[in-house]
$ cat structure_34.cif   # mmCIF, C-alpha atoms and all ligand atoms
data_entry
#
loop_
_atom_site.label_atom_id
_atom_site.label_comp_id
_atom_site.auth_asym_id
_atom_site.auth_seq_id
_atom_site.Cartn_x
_atom_site.Cartn_y
_atom_site.Cartn_z
CA MET P 1 -118.58 -76.24 130.08
CA LYS P 2 -117.41 -76.22 133.67
CA ILE P 3 -119.96 -76.65 136.45
CA TYR P 4 -118.90 -74.74 139.57
CA ASN P 5 -119.28 -76.35 143.00
CA LEU P 6 -120.87 -74.17 145.65
CA GLY P 7 -120.31 -74.39 149.39
CA ILE P 8 -122.82 -72.55 151.57
CA ILE P 9 -122.01 -71.01 154.95
CA GLY P 10 -125.30 -70.41 156.76
CA TYR P 11 -128.03 -72.73 155.48
CA GLY P 12 -131.07 -70.81 156.68
CA GLY P 13 -134.11 -69.39 154.92
CA MET P 14 -132.35 -67.47 152.15
CA ALA P 15 -129.85 -70.24 151.47
CA GLY P 16 -132.86 -72.54 151.06
CA ASN P 17 -134.07 -70.13 148.40
CA HIS P 18 -130.69 -70.33 146.62
CA ASN P 19 -131.04 -74.12 146.75
CA ARG P 20 -134.52 -74.04 145.17
CA GLN P 21 -133.26 -71.70 142.47
CA LEU P 22 -130.09 -73.64 141.66
CA ALA P 23 -132.08 -76.91 141.60
CA GLN P 24 -133.78 -75.59 138.43
CA GLY P 25 -130.43 -76.15 136.71
CA ASN P 26 -130.46 -72.88 134.74
CA VAL P 27 -126.96 -71.83 135.75
CA ARG P 28 -123.63 -73.67 135.91
CA VAL P 29 -123.48 -73.75 139.71
CA LYS P 30 -124.24 -76.82 141.82
CA ILE P 31 -124.40 -77.02 145.61
CA LYS P 32 -121.88 -79.50 147.03
CA GLY P 33 -122.19 -78.89 150.75
CA VAL P 34 -123.08 -76.60 153.59
CA TYR P 35 -121.94 -75.52 157.01
CA ASP P 36 -124.35 -74.15 159.63
CA ILE P 37 -124.17 -73.88 163.41
CA ASN P 38 -127.74 -75.15 163.59
CA GLU P 39 -127.80 -78.96 163.60
CA GLU P 40 -131.36 -79.06 162.25
CA ARG P 41 -130.26 -77.20 159.12
CA MET P 42 -127.25 -79.53 158.78
CA GLU P 43 -129.57 -82.54 159.00
CA LEU P 44 -131.81 -81.02 156.32
CA ALA P 45 -128.76 -80.56 154.09
CA ARG P 46 -127.80 -84.23 154.55
CA GLN P 47 -131.34 -85.31 153.67
CA GLN P 48 -131.11 -83.18 150.53
CA GLY P 49 -127.97 -85.05 149.51
CA PHE P 50 -125.42 -82.37 150.34
CA VAL P 51 -122.23 -82.72 152.36
CA ALA P 52 -122.69 -81.31 155.89
CA TYR P 53 -119.18 -80.09 156.78
CA GLU P 54 -118.19 -80.38 160.43
CA SER P 55 -116.71 -76.88 160.40
CA CYS P 56 -116.37 -73.82 158.23
CA GLN P 57 -112.69 -74.69 157.82
CA ALA P 58 -113.58 -78.17 156.54
CA LEU P 59 -115.76 -76.55 153.87
CA LEU P 60 -113.01 -74.11 152.92
CA ASN P 61 -110.42 -76.93 152.85
CA ASP P 62 -112.45 -78.86 150.27
CA SER P 63 -110.61 -78.21 147.01
CA ASP P 64 -113.74 -79.21 145.03
CA ILE P 65 -115.50 -76.06 146.25
CA ASP P 66 -115.07 -73.22 143.73
CA ILE P 67 -117.54 -70.68 145.09
CA VAL P 68 -118.70 -69.93 148.63
CA LEU P 69 -122.12 -68.42 149.34
CA ILE P 70 -122.23 -66.52 152.63
CA ALA P 71 -125.83 -66.50 153.88
CA THR P 72 -125.36 -66.10 157.61
CA THR P 73 -126.63 -63.21 159.73
CA ASN P 74 -125.27 -59.82 158.74
CA GLU P 75 -122.66 -59.26 161.46
CA THR P 76 -120.70 -62.35 160.35
CA HIS P 77 -120.34 -61.61 156.63
CA LYS P 78 -116.95 -59.87 156.79
CA GLU P 79 -115.13 -62.60 158.68
CA PHE P 80 -116.46 -65.41 156.47
CA ALA P 81 -115.80 -63.43 153.28
CA ILE P 82 -112.16 -62.83 154.14
CA GLU P 83 -111.60 -66.45 155.22
CA ALA P 84 -113.17 -67.78 152.03
CA LEU P 85 -111.16 -65.44 149.78
CA ARG P 86 -107.94 -66.38 151.58
CA ALA P 87 -108.83 -70.05 151.03
CA GLY P 88 -108.83 -69.28 147.30
CA LYS P 89 -112.59 -69.33 146.80
CA HIS P 90 -114.76 -67.00 144.76
CA VAL P 91 -117.44 -65.51 146.97
CA ILE P 92 -121.06 -64.48 146.68
CA CYS P 93 -122.21 -62.73 149.83
CA GLU P 94 -125.76 -62.03 150.88
CA LYS P 95 -126.86 -58.45 151.34
CA PRO P 96 -126.22 -56.26 153.24
CA VAL P 97 -122.64 -57.16 152.38
CA THR P 98 -121.41 -55.48 155.59
CA MET P 99 -122.82 -53.11 158.19
CA ASN P 100 -120.13 -50.47 157.72
CA ALA P 101 -117.81 -49.22 154.99
CA LYS P 102 -114.57 -50.11 156.80
CA ASP P 103 -115.47 -53.82 156.87
CA LEU P 104 -116.21 -53.81 153.16
CA GLU P 105 -112.98 -51.92 152.40
CA ASP P 106 -111.13 -54.73 154.22
CA ILE P 107 -112.93 -57.32 152.08
CA ILE P 108 -112.11 -55.41 148.88
CA PHE P 109 -108.44 -55.24 149.93
CA THR P 110 -108.48 -59.05 150.35
CA VAL P 111 -110.20 -59.47 146.97
CA HIS P 112 -107.30 -57.67 145.29
CA GLU P 113 -104.76 -59.59 147.40
CA CYS P 114 -106.24 -62.97 146.50
CA GLY P 115 -107.31 -62.27 142.92
CA ARG P 116 -110.71 -63.89 143.40
CA ILE P 117 -114.18 -62.73 142.34
CA PHE P 118 -116.38 -61.24 145.05
CA THR P 119 -119.99 -60.30 144.41
CA VAL P 120 -123.11 -59.54 146.44
CA ASP P 121 -126.61 -60.91 146.07
CA GLN P 122 -128.24 -57.65 145.05
CA ASN P 123 -130.83 -59.79 143.31
CA ARG P 124 -133.43 -57.02 143.16
CA ARG P 125 -131.56 -55.38 140.31
CA TYR P 126 -133.25 -58.08 138.22
CA ASN P 127 -136.87 -57.64 139.32
CA ARG P 128 -139.77 -56.80 136.99
CA ASP P 129 -141.01 -53.80 139.00
CA PHE P 130 -137.59 -52.12 138.96
CA ILE P 131 -136.69 -53.04 135.38
CA ASN P 132 -140.01 -51.71 134.07
CA MET P 133 -139.57 -48.45 135.97
CA TRP P 134 -136.01 -48.04 134.61
CA ARG P 135 -136.98 -48.94 131.03
CA THR P 136 -139.89 -46.51 131.10
CA ILE P 137 -137.62 -43.68 132.28
CA ASP P 138 -135.06 -44.64 129.60
CA SER P 139 -137.74 -44.54 126.88
CA GLY P 140 -138.01 -40.80 127.53
CA VAL P 141 -141.80 -40.92 127.75
CA ILE P 142 -141.97 -38.96 131.02
CA GLY P 143 -139.16 -36.56 130.07
CA LYS P 144 -136.44 -35.90 132.64
CA PRO P 145 -137.21 -37.59 135.98
CA TYR P 146 -136.79 -35.34 139.01
CA VAL P 147 -138.42 -37.36 141.82
CA ILE P 148 -138.39 -41.15 142.22
CA GLU P 149 -140.38 -42.59 145.09
CA SER P 150 -139.66 -46.23 145.89
CA ARG P 151 -141.62 -47.99 148.58
CA VAL P 152 -142.00 -51.43 150.09
CA GLU P 153 -144.75 -51.70 152.66
CA GLY P 154 -146.04 -54.48 154.87
CA SER P 155 -148.30 -54.61 157.90
CA ARG P 156 -147.13 -57.81 159.59
CA GLY P 157 -144.18 -56.43 161.54
CA MET P 158 -140.83 -58.18 161.20
CA PRO P 159 -139.94 -61.89 161.48
CA ALA P 160 -138.86 -62.87 165.01
CA GLY P 161 -135.19 -63.54 165.65
CA TRP P 162 -132.08 -61.72 164.50
CA ARG P 163 -133.96 -59.21 162.30
CA THR P 164 -135.16 -57.51 165.51
CA ASN P 165 -131.65 -57.45 166.99
CA LYS P 166 -129.35 -54.47 166.38
CA ALA P 167 -126.01 -56.24 166.95
CA GLN P 168 -126.80 -58.83 164.27
CA GLY P 169 -127.77 -56.24 161.71
CA GLY P 170 -131.52 -56.28 162.17
CA GLY P 171 -133.90 -53.58 161.00
CA MET P 172 -135.35 -52.53 157.71
CA MET P 173 -132.47 -50.38 156.44
CA TYR P 174 -130.27 -53.47 156.18
CA ASP P 175 -133.10 -55.79 155.20
CA TRP P 176 -134.89 -53.86 152.42
CA GLY P 177 -133.30 -50.40 152.34
CA VAL P 178 -130.10 -51.88 150.94
CA HIS P 179 -132.02 -53.23 147.92
CA LEU P 180 -133.93 -50.06 147.17
CA ILE P 181 -130.87 -47.81 147.54
CA ASP P 182 -128.83 -50.17 145.35
CA GLN P 183 -131.49 -50.12 142.63
CA ILE P 184 -131.58 -46.35 142.35
CA MET P 185 -127.77 -45.98 142.51
CA TYR P 186 -127.31 -48.74 139.91
CA MET P 187 -129.76 -46.94 137.64
CA THR P 188 -128.63 -43.33 137.96
CA LYS P 189 -124.83 -43.70 138.29
CA GLU P 190 -124.79 -40.12 139.67
CA LYS P 191 -123.03 -39.07 142.86
CA VAL P 192 -125.15 -38.81 146.01
CA LYS P 193 -124.76 -35.31 147.46
CA GLU P 194 -127.25 -35.31 150.35
CA VAL P 195 -128.85 -37.92 152.60
CA TYR P 196 -131.67 -37.30 155.06
CA CYS P 197 -133.32 -40.12 156.99
CA LYS P 198 -135.93 -40.51 159.66
CA MET P 199 -136.21 -43.92 161.30
CA TYR P 200 -138.98 -45.34 163.49
CA SER P 201 -139.05 -48.20 165.97
CA VAL P 202 -142.80 -48.69 166.19
CA ASN P 203 -142.92 -52.32 167.31
CA TYR P 204 -139.25 -53.30 167.77
CA PRO P 205 -137.34 -51.00 170.12
CA GLU P 206 -133.79 -51.98 169.08
CA VAL P 207 -134.04 -51.45 165.33
CA ASP P 208 -135.65 -49.39 162.59
CA ASP P 209 -138.87 -51.15 161.59
CA ASN P 210 -139.91 -48.21 159.35
CA PHE P 211 -137.88 -45.47 157.73
CA ARG P 212 -138.11 -42.55 155.31
CA LEU P 213 -134.93 -41.73 153.39
CA THR P 214 -134.31 -38.92 150.93
CA MET P 215 -131.23 -38.99 148.71
CA THR P 216 -130.34 -36.07 146.48
CA PHE P 217 -128.15 -36.74 143.46
CA GLU P 218 -125.71 -34.44 141.69
CA SER P 219 -128.23 -33.36 139.03
CA GLY P 220 -130.85 -32.52 141.67
CA LEU P 221 -132.73 -35.79 141.10
CA THR P 222 -134.33 -36.82 144.39
CA ALA P 223 -134.98 -40.40 145.44
CA HIS P 224 -137.40 -40.92 148.27
CA ILE P 225 -137.25 -44.41 149.77
CA GLU P 226 -139.69 -45.72 152.36
CA ILE P 227 -139.92 -49.06 154.09
CA SER P 228 -142.81 -49.79 156.41
CA THR P 229 -143.72 -52.86 158.42
CA ASN P 230 -146.77 -51.29 160.02
CA ASN P 231 -148.58 -49.97 156.94
CA PHE P 232 -152.18 -51.07 156.34
CA ILE P 233 -152.82 -49.02 153.19
CA THR P 234 -150.10 -49.22 150.57
CA HIS P 235 -148.75 -46.73 148.03
CA PRO P 236 -147.66 -47.85 144.54
CA ARG P 237 -144.28 -49.62 144.42
CA PHE P 238 -142.78 -46.73 142.38
CA TYR P 239 -144.09 -43.21 141.75
CA VAL P 240 -141.95 -41.12 139.38
CA LEU P 241 -142.33 -37.48 138.42
CA GLY P 242 -140.82 -36.44 135.10
CA THR P 243 -140.89 -33.12 133.28
CA GLU P 244 -143.30 -34.54 130.65
CA GLY P 245 -145.34 -37.04 132.62
CA THR P 246 -145.86 -39.19 135.70
CA MET P 247 -145.36 -42.92 136.13
CA ILE P 248 -146.62 -45.39 138.68
CA ILE P 249 -145.59 -48.99 138.99
CA THR P 250 -148.38 -50.43 141.08
CA ASP P 251 -147.15 -53.90 141.75
CA TRP P 252 -144.23 -56.34 141.87
CA ASP P 253 -145.03 -57.67 138.40
CA GLY P 254 -144.07 -54.31 136.90
CA THR P 255 -147.56 -53.29 135.83
CA GLY P 256 -148.60 -49.65 136.11
CA LYS P 257 -149.21 -46.67 133.92
CA VAL P 258 -147.83 -43.43 132.58
CA VAL P 259 -149.85 -40.27 132.17
CA LYS P 260 -148.04 -38.17 129.62
CA LYS P 261 -148.52 -34.52 128.74
CA LEU P 262 -149.57 -34.02 125.10
CA SER P 263 -149.84 -30.24 125.24
CA ASP P 264 -149.84 -27.52 127.86
CA ASP P 265 -153.08 -26.62 129.60
CA SER P 266 -152.12 -23.17 130.78
CA THR P 267 -154.91 -20.97 129.62
CA TRP P 268 -155.61 -19.25 132.90
CA ASP P 269 -159.02 -17.55 133.29
CA SER P 270 -159.02 -14.29 135.13
CA GLU P 271 -161.65 -15.69 137.52
CA ILE P 272 -160.76 -18.19 140.24
CA LYS P 273 -162.76 -21.37 139.62
CA LYS P 274 -164.83 -23.06 142.24
CA VAL P 275 -163.89 -26.74 141.90
CA LYS P 276 -163.82 -29.79 144.19
CA ALA P 277 -160.60 -28.46 145.72
CA GLY P 278 -162.38 -25.20 146.54
CA PRO P 279 -161.61 -21.86 144.91
CA THR P 280 -158.36 -22.32 142.93
CA LYS P 281 -156.78 -21.70 139.54
CA THR P 282 -153.65 -23.86 139.98
CA MET P 283 -155.39 -27.05 141.06
CA ALA P 284 -158.44 -26.88 138.79
CA PRO P 285 -158.82 -30.11 136.77
CA ARG P 286 -156.83 -30.39 133.58
CA ASP P 287 -158.43 -30.65 130.13
CA PRO P 288 -158.34 -34.46 129.59
CA ASN P 289 -157.51 -33.96 125.91
CA THR P 290 -154.08 -32.59 126.85
CA VAL P 291 -152.81 -35.90 128.31
CA GLU P 292 -152.45 -39.51 127.22
CA THR P 293 -152.56 -42.59 129.47
CA ILE P 294 -150.23 -45.46 128.59
CA GLU P 295 -150.65 -48.80 130.39
CA LEU P 296 -147.42 -50.51 131.47
CA THR P 297 -147.52 -54.27 131.16
CA GLU P 298 -145.45 -56.95 132.82
CA PRO P 299 -142.07 -57.39 131.10
CA THR P 300 -141.88 -60.95 129.79
CA ASP P 301 -138.10 -61.14 129.42
CA VAL P 302 -137.23 -60.58 133.10
CA THR P 303 -136.63 -63.73 135.15
CA ASP P 304 -137.26 -62.15 138.58
CA ASN P 305 -135.00 -64.72 140.24
CA LEU P 306 -131.40 -65.42 141.26
CA ASP P 307 -130.19 -66.75 137.87
CA PRO P 308 -128.74 -63.43 136.63
CA VAL P 309 -126.81 -63.00 139.89
CA TYR P 310 -125.12 -66.38 139.41
CA GLU P 311 -124.68 -65.85 135.66
CA GLN P 312 -122.75 -62.62 136.15
CA LEU P 313 -120.58 -64.35 138.78
CA VAL P 314 -119.76 -67.32 136.53
CA ASN P 315 -119.07 -65.00 133.59
CA ALA P 316 -116.73 -62.90 135.74
CA ILE P 317 -114.85 -66.02 136.90
CA GLU P 318 -114.39 -66.78 133.20
CA GLY P 319 -113.06 -63.30 132.44
CA ALA P 320 -116.06 -61.04 131.74
CA PRO P 321 -116.60 -57.83 133.74
CA LEU P 322 -118.58 -58.32 136.93
CA THR P 323 -122.04 -56.67 137.01
CA ILE P 324 -122.58 -56.48 140.77
CA LYS P 325 -119.25 -54.95 141.76
CA PRO P 326 -118.07 -54.71 145.38
CA GLU P 327 -117.20 -51.03 144.80
CA GLU P 328 -120.85 -50.34 143.91
CA THR P 329 -122.06 -52.02 147.06
CA LEU P 330 -119.51 -49.95 149.02
CA ARG P 331 -121.29 -46.79 147.83
CA VAL P 332 -124.59 -48.27 149.04
CA VAL P 333 -123.09 -49.10 152.44
CA ARG P 334 -121.81 -45.50 152.67
CA VAL P 335 -125.30 -44.15 151.96
CA MET P 336 -126.72 -46.41 154.69
CA GLU P 337 -124.06 -45.12 157.11
CA ALA P 338 -125.05 -41.56 156.21
CA ALA P 339 -128.73 -42.47 156.74
CA PHE P 340 -128.05 -43.74 160.27
CA LYS P 341 -126.00 -40.62 161.00
CA SER P 342 -128.76 -38.39 159.65
CA HIS P 343 -131.31 -40.07 161.89
CA GLU P 344 -129.05 -39.78 164.95
CA THR P 345 -128.23 -36.11 164.36
CA ASN P 346 -131.62 -35.18 162.87
CA ASP P 347 -129.73 -33.41 160.12
CA THR P 348 -129.02 -33.61 156.41
CA ILE P 349 -125.68 -35.31 155.73
CA HIS P 350 -123.70 -33.76 152.88
CA THR P 351 -121.91 -36.47 150.96
CA ASP P 352 -119.85 -37.08 147.84
CA ILE P 353 -120.61 -40.78 147.42
N1 LIG Q 1 -131.04 -61.19 148.78
C1 LIG Q 1 -132.21 -61.33 149.37
O1 LIG Q 1 -133.24 -61.07 148.78
C2 LIG Q 1 -132.27 -61.82 150.79
C3 LIG Q 1 -133.48 -62.26 151.35
C4 LIG Q 1 -133.48 -62.74 152.66
C5 LIG Q 1 -132.30 -62.73 153.40
N2 LIG Q 1 -131.15 -62.27 152.84
C6 LIG Q 1 -129.91 -62.24 153.61
O2 LIG Q 1 -129.45 -63.58 153.83
C7 LIG Q 1 -128.79 -63.67 155.08
C8 LIG Q 1 -129.47 -64.76 155.91
O3 LIG Q 1 -130.81 -64.41 156.10
P1 LIG Q 1 -131.93 -65.53 156.36
O4 LIG Q 1 -133.24 -64.90 156.17
O5 LIG Q 1 -131.61 -66.77 155.58
O6 LIG Q 1 -131.69 -65.80 157.92
P2 LIG Q 1 -131.84 -67.19 158.68
O7 LIG Q 1 -131.82 -66.87 160.11
O8 LIG Q 1 -132.99 -67.94 158.12
O9 LIG Q 1 -130.52 -67.99 158.27
C9 LIG Q 1 -129.26 -67.69 158.76
C10 LIG Q 1 -128.53 -69.01 158.95
O10 LIG Q 1 -127.17 -68.74 159.30
C11 LIG Q 1 -126.79 -69.64 160.32
N3 LIG Q 1 -125.66 -69.03 161.04
C12 LIG Q 1 -125.66 -67.92 161.82
N4 LIG Q 1 -124.42 -67.67 162.28
C13 LIG Q 1 -123.63 -68.65 161.78
C14 LIG Q 1 -122.24 -68.96 161.92
N5 LIG Q 1 -121.45 -68.19 162.67
N6 LIG Q 1 -121.77 -70.02 161.27
C15 LIG Q 1 -122.58 -70.81 160.51
N7 LIG Q 1 -123.90 -70.60 160.37
C16 LIG Q 1 -124.41 -69.52 161.00
C17 LIG Q 1 -128.01 -69.79 161.17
O11 LIG Q 1 -127.98 -70.97 161.96
C18 LIG Q 1 -129.11 -69.84 160.09
O12 LIG Q 1 -129.38 -71.17 159.66
C19 LIG Q 1 -128.85 -62.29 155.70
O13 LIG Q 1 -127.68 -61.60 155.40
C20 LIG Q 1 -130.03 -61.64 154.98
O14 LIG Q 1 -129.96 -60.23 154.95
C21 LIG Q 1 -131.12 -61.84 151.56
#

$ encode --input "structure_34.cif" --output "structure tokens"
Amino acid sequence: MKIYNLGIIGYGGMAGNHNRQLAQGNVRVKIKGVYDINEERMELARQQGFVAYESCQALLNDSDIDIVLIATTNETHKEFAIEALRAGKHVICEKPVTMNAKDLEDIIFTVHECGRIFTVDQNRRYNRDFINMWRTIDSGVIGKPYVIESRVEGSRGMPAGWRTNKAQGGGMMYDWGVHLIDQIMYMTKEKVKEVYCKMYSVNYPEVDDNFRLTMTFESGLTAHIEISTNNFITHPRFYVLGTEGTMIITDWDGTGKVVKKLSDDSTWDSEIKKVKAGPTKTMAPRDPNTVETIELTEPTDVTDNLDPVYEQLVNAIEGAPLTIKPEETLRVVRVMEAAFKSHETNDTIHTDI
């Protein structure tokens, strides 16, 4: 079985994570060498036993390198991707693959020209929280979903450096939004018909450090995505409303619960009740015997790491269909473009993505 040699362009924090993951030896990909403009990172690579190439071209000229990982800052992805493809390499690019659709269209054109495999590290398709939410919807237990709320919330602001810088693709839409949008679009497969987004720059004036995005799909399904970096009380990771029940996924491990309707509770008294909510019929408490609570436990068959991303790449090199397709990530980039436009114009953007 062939082991594929990996060359890494941009050996920073995330590339270090790829290294830790690949060092486990679960997939047939081995790091050969790296190129980074930061000499400290090059020195680290040498100490770890990797080749530290003197230039990007030197890495690309090495015929031993089969796959190139691009893990530089976001504004550089396009240029490196095209160079690597033209050098005959397969490519895995960090997210966000590009900051606009035109750049990704150019990459996809080059992919077809060069006949190489190009994929994106949308690793959060393989996380326990997301998989458990998807599986629970698929089981039918909550009926037809009509609202999916997906949130990631922190209170520590954003890491210093390029993430606070607009030109380099900083901000939370590119950092986390791209993952959460990709998850929902990967799951639903429906066209996105409307995008509305409100962005906030609470602590970092150049970029969005918080945002609220609403996407409406063809069937009317609504996805509400929120990223916060200034949030001191968190919501559940997912909150899903279905016609027959409600689901929450409380944490990253996929745990949560479903409350499912067993029978209707629509015997309305003629008198308005005085309850905790005040005088109301609609919001009076439900008869507890008409619902069932089902605990959701952590899925044990989900790796929650980068292995599946590499596996699908290796399989595609060997002829299988690719799972994380560039065309899918193009749809995500288009939604992000619409989100920025919505924020700028303070309007709903009608789309056919
Ligand atoms: N998939 C994920 O879950 C995930 C998580 C974190 C980061 N990322 C992505 O990974 C990429 C890198 O993020 P990071 O957190 O590792 O940032 P980082 O700043 O830690 O690392 C970036 C590295 O790229 C190097 N670099 C920058 N420009 C370069 C150039 N022109 N040539 C060569 N090297 C260059 C820098 O010196 C640095 O070492 C970003 O695209 C980010 O969005 C993905």

$ residues_near_point --input "structure_34.cif" --point "(-131.0, -52.7, 148.9)" --cutoff "10 Å" --atoms "all atoms listed in the file" --output "PyMOL selection string"
chain P and resi 95-96+121-125+172-185+329+332-333+336

$ residues_near_ligand --input "structure_34.cif" --ligand "ligand LIG 1 (chain Q)" --cutoff "6 Å" --atoms "all atoms listed in the file" --output "ChimeraX atom specification"
/P:9-15,35-38,71-74,94-96,121-123,175

$ closest_residue --input "structure_34.cif" --among "P:Arg116, P:Arg151, P:His77, P:Lys274" --to "Cys93 in chain P" --atoms "all atoms listed in the file"
P:His77

$ closest_residue --input "structure_34.cif" --among "P:Arg212, P:His350, P:Arg331, P:Arg128" --to "Asp304 in chain P" --atoms "all atoms listed in the file"
P:Arg128

$ atom_distance --input "structure_34.cif" --atom1 "CA of Thr345 in chain P" --atom2 "CA of Thr229 in chain P"
23.6 Å

$ atom_distance --input "structure_34.cif" --atom1 "CA of Lys32 in chain P" --atom2 "CA of Gln57 in chain P"
15.0 Å

$ atom_distance --input "structure_34.cif" --atom1 "CA of Tyr200 in chain P" --atom2 "CA of Ala223 in chain P"
19.1 Å

$ residues_near_point --input "structure_34.cif" --point "(-121.2, -76.6, 138.4)" --cutoff "8 Å" --atoms "all atoms listed in the file" --output "number ranges by chain"
P: 2-6, 27-31

$ closest_residue --input "structure_34.cif" --among "P:Tyr204, P:Asn132, P:Tyr196, P:Ile142" --to "Ser342 in chain P" --atoms "all atoms listed in the file"
P:Tyr196

$ closest_atom_pairs --input "structure_34.cif" --of "range 75-172 of chain P" --to "range 312-322 of chain P" --cutoff "9 Å" --atoms "only C-alpha atoms" --output "tab-separated table"
residue	atom	partner	partner_atom	distance
P:His90	CA	P:Ile317	CA	7.9
P:Val91	CA	P:Leu313	CA	8.8
P:Ile92	CA	P:Leu313	CA	7.9
P:Arg116	CA	P:Ile317	CA	8.0
P:Ile117	CA	P:Ile317	CA	6.4
P:Phe118	CA	P:Leu313	CA	8.2
P:Thr119	CA	P:Leu313	CA	7.0

$ closest_residue --input "structure_34.cif" --among "P:Val68, P:Arg135, P:Asp208, P:Glu54" --to "Tyr310 in chain P" --atoms "all atoms listed in the file"
P:Val68

$ decode --input "structure_34.cif" --residues "range 255-270 of chain P" --atoms "N, CA and C atoms" --output "PDB file, in the first residue's frame"
ATOM      1  N   THR P 255     -23.370  15.104  23.215  1.00  0.00           N
ATOM      2  CA  THR P 255     -24.432  14.792  24.169  1.00  0.00           C
ATOM      3  C   THR P 255     -25.516  15.859  24.126  1.00  0.00           C
ATOM      4  N   GLY P 256     -26.725  15.453  24.504  1.00  0.00           N
ATOM      5  CA  GLY P 256     -27.856  16.382  24.495  1.00  0.00           C
ATOM      6  C   GLY P 256     -29.125  15.612  24.764  1.00  0.00           C
ATOM      7  N   LYS P 257     -30.223  16.133  24.281  1.00  0.00           N
ATOM      8  CA  LYS P 257     -31.486  15.406  24.472  1.00  0.00           C
ATOM      9  C   LYS P 257     -32.507  15.817  23.423  1.00  0.00           C
ATOM     10  N   VAL P 258     -33.503  14.930  23.298  1.00  0.00           N
ATOM     11  CA  VAL P 258     -34.667  15.225  22.466  1.00  0.00           C
ATOM     12  C   VAL P 258     -35.878  15.208  23.376  1.00  0.00           C
ATOM     13  N   VAL P 259     -36.760  16.168  23.211  1.00  0.00           N
ATOM     14  CA  VAL P 259     -38.082  16.052  23.835  1.00  0.00           C
ATOM     15  C   VAL P 259     -39.066  15.883  22.691  1.00  0.00           C
ATOM     16  N   LYS P 260     -39.741  14.733  22.729  1.00  0.00           N
ATOM     17  CA  LYS P 260     -40.569  14.324  21.590  1.00  0.00           C
ATOM     18  C   LYS P 260     -42.043  14.324  21.998  1.00  0.00           C
ATOM     19  N   LYS P 261     -42.866  14.800  21.093  1.00  0.00           N
ATOM     20  CA  LYS P 261     -44.321  14.805  21.342  1.00  0.00           C
ATOM     21  C   LYS P 261     -44.861  13.381  21.239  1.00  0.00           C
ATOM     22  N   LEU P 262     -45.613  12.938  22.255  1.00  0.00           N
ATOM     23  CA  LEU P 262     -46.260  11.622  22.192  1.00  0.00           C
ATOM     24  C   LEU P 262     -47.696  11.767  21.699  1.00  0.00           C
ATOM     25  N   SER P 263     -48.348  12.816  22.174  1.00  0.00           N
ATOM     26  CA  SER P 263     -49.723  13.093  21.732  1.00  0.00           C
ATOM     27  C   SER P 263     -49.956  14.588  21.858  1.00  0.00           C
ATOM     28  N   ASP P 264     -50.993  15.071  21.198  1.00  0.00           N
ATOM     29  CA  ASP P 264     -51.296  16.504  21.278  1.00  0.00           C
ATOM     30  C   ASP P 264     -51.803  16.859  22.671  1.00  0.00           C
ATOM     31  N   ASP P 265     -51.561  18.096  23.053  1.00  0.00           N
ATOM     32  CA  ASP P 265     -52.111  18.595  24.319  1.00  0.00           C
ATOM     33  C   ASP P 265     -52.859  19.874  23.963  1.00  0.00           C
ATOM     34  N   SER P 266     -53.982  19.689  23.277  1.00  0.00           N
ATOM     35  CA  SER P 266     -54.668  20.873  22.744  1.00  0.00           C
ATOM     36  C   SER P 266     -56.124  20.935  23.207  1.00  0.00           C
ATOM     37  N   THR P 267     -56.286  20.510  24.455  1.00  0.00           N
ATOM     38  CA  THR P 267     -57.622  20.690  25.037  1.00  0.00           C
ATOM     39  C   THR P 267     -57.644  22.068  25.688  1.00  0.00           C
ATOM     40  N   TRP P 268     -58.221  23.014  24.994  1.00  0.00           N
ATOM     41  CA  TRP P 268     -58.164  24.396  25.475  1.00  0.00           C
ATOM     42  C   TRP P 268     -59.381  24.687  26.360  1.00  0.00           C
ATOM     43  N   ASP P 269     -59.128  25.086  27.609  1.00  0.00           N
ATOM     44  CA  ASP P 269     -60.229  25.508  28.495  1.00  0.00           C
ATOM     45  C   ASP P 269     -60.780  26.826  27.986  1.00  0.00           C
ATOM     46  N   SER P 270     -62.017  27.086  28.334  1.00  0.00           N
ATOM     47  CA  SER P 270     -62.563  28.381  27.915  1.00  0.00           C
ATOM     48  C   SER P 270     -61.943  29.517  28.733  1.00  0.00           C
TER      49      SER P 270
END
